[in-house]
Amino acid sequence: MSFQALASTLRSKRFWIWQISGAAIYAVPVVIRLATGNVILPLLGLLETPWIDHYVPGNLVEKILVNAFFPGGAGAVAGEIFFSYTKNGQVISRRRKYVHRLAGALLWTTAWSLFQLWGNLQNIWGSYGGNLFEYPMVYPLNFLLASLSIFTPTVIGFLGSKLAKTIHKTA
């Protein structure tokens with residue numbers, strides 16, 4: 001591992017924006033559940049799906065939306081930034097960029113899954129009557145979502161540029 005690349009990654013404003021905003025997006029449903037004492041979220045509860053054994057939870061829509069940003073999307077950006085600094089200014093192909101994002105997303109998801117496993121084993125219950133941490137059988141789904149979240153930064157960048165153009169035209 002290159003300590004120079006790690007230091008440069010930690011100095012990156014984009015890295016910290018994705019880490020902090022991704023964690024905040026992840027925390028919103030948790031805070032709502034703890035505040036309301038209900039596992040079903042007010043708006044996303046309308047889109048609840050049936051559980052598929054223990055592998056696919058009933059809050060699948062929420063899980064897809066949240067995991068696109070954290071840990072998957074945040075890890076994807078971290079991987080992209082880290083590996084771009086290891087190339088010493090060389091141009092990185094589009095394919096290589098997505099491979100770097102995939103490595104970061106999977107690493108972040110692994111670290112988060114280990115934290116979730118530790119928390120699940122502690123058996124800490126929330127106000128809604130269930131374990132605060134995810135059931136381990138859901139972790140494979142988290143890795144699938146992480147592999148898809150490598151596209152989240154691209155989609156957000158595209159939407160941001162379209163929004164900026166629209167704002168600029170109306171001003």
# chains A, B, ... in the order shown; residues from 1 in each chain; ligands from 1
>>> residues_around(residues="Ile52 in chain A", least_positions_apart="6", cutoff="12 Å", atoms="only C-alpha atoms", output="list in words")
Gly58, Asn59, Leu60, Met137, Val138 and Leu141 of chain A
>>> select_by_dssp(residues="chain A", states="alpha helix (DSSP H)", output="ChimeraX atom specification")
/A:3-10,13-36,60-67,72-86,94-122,139-148,152-170
>>> closest_atom_pairs(of="range 14-88 of chain A", to="range 131-134 of chain A", cutoff="12 Å", atoms="only C-alpha atoms", output="JSON lines")
{"residue": "A:Ala27", "atom": "CA", "partner": "A:Leu132", "partner_atom": "CA", "distance": 11.8}
{"residue": "A:Pro29", "atom": "CA", "partner": "A:Leu132", "partner_atom": "CA", "distance": 11.5}
{"residue": "A:Val30", "atom": "CA", "partner": "A:Leu132", "partner_atom": "CA", "distance": 8.3}
{"residue": "A:Val31", "atom": "CA", "partner": "A:Leu132", "partner_atom": "CA", "distance": 10.8}
{"residue": "A:Arg33", "atom": "CA", "partner": "A:Leu132", "partner_atom": "CA", "distance": 9.5}
{"residue": "A:Leu34", "atom": "CA", "partner": "A:Leu132", "partner_atom": "CA", "distance": 9.1}
{"residue": "A:Gly37", "atom": "CA", "partner": "A:Leu132", "partner_atom": "CA", "distance": 11.6}
{"residue": "A:Val39", "atom": "CA", "partner": "A:Leu132", "partner_atom": "CA", "distance": 10.2}
{"residue": "A:His54", "atom": "CA", "partner": "A:Glu134", "partner_atom": "CA", "distance": 10.8}
{"residue": "A:Tyr55", "atom": "CA", "partner": "A:Glu134", "partner_atom": "CA", "distance": 11.0}
{"residue": "A:Val56", "atom": "CA", "partner": "A:Glu134", "partner_atom": "CA", "distance": 11.4}
{"residue": "A:Pro57", "atom": "CA", "partner": "A:Glu134", "partner_atom": "CA", "distance": 9.8}
{"residue": "A:Asn59", "atom": "CA", "partner": "A:Glu134", "partner_atom": "CA", "distance": 11.8}
{"residue": "A:Lys63", "atom": "CA", "partner": "A:Glu134", "partner_atom": "CA", "distance": 11.1}
>>> closest_residue(among="A:Leu106, A:Glu62, A:Leu144, A:Ala7", to="Pro42 in chain A", atoms="only C-alpha atoms")
A:Glu62
>>> closest_residue(among="A:Ile124, A:Ala68, A:Leu6, A:Val61", to="Leu41 in chain A", atoms="only C-alpha atoms")
A:Val61
>>> atom_distance(atom1="CA of Arg94 in chain A", atom2="CA of Thr109 in chain A")
22.4 Å
>>> atom_distance(atom1="CA of Leu65 in chain A", atom2="CA of Tyr139 in chain A")
15.8 Å
>>> residues_around(residues="Pro153 in chain A", least_positions_apart="4", cutoff="10 Å", atoms="only C-alpha atoms", output="list in words")
Trp18, Ala68, Phe69, Gly73, Ala74, Ala76, Val77, Arg101, Ser149, Gly157, Phe158 and Leu159 of chain A
>>> atom_distance(atom1="CA of Ala78 in chain A", atom2="CA of Ile150 in chain A")
10.8 Å
>>> closest_residue(among="A:Asn38, A:Gln4, A:Ser12, A:Leu102", to="Ser127 in chain A", atoms="only C-alpha atoms")
A:Asn38
>>> closest_atom_pairs(of="range 89-160 of chain A", to="range 79-84 of chain A", cutoff="8 Å", atoms="only C-alpha atoms", output="tab-separated table")
residue	atom	partner	partner_atom	distance
A:Gly89	CA	A:Ser84	CA	7.4
A:Ile92	CA	A:Ser84	CA	7.3
A:Lys97	CA	A:Glu80	CA	6.1
A:Tyr98	CA	A:Glu80	CA	7.6
A:His100	CA	A:Glu80	CA	5.1
A:Arg101	CA	A:Gly79	CA	5.0
A:Leu102	CA	A:Gly79	CA	7.4
A:Ala103	CA	A:Gly79	CA	6.2
A:Gly104	CA	A:Gly79	CA	3.9
A:Ala105	CA	A:Gly79	CA	7.1
>>> closest_residue(among="A:Thr170, A:Pro50, A:Phe70, A:Thr36", to="Gly129 in chain A", atoms="only C-alpha atoms")
A:Thr36
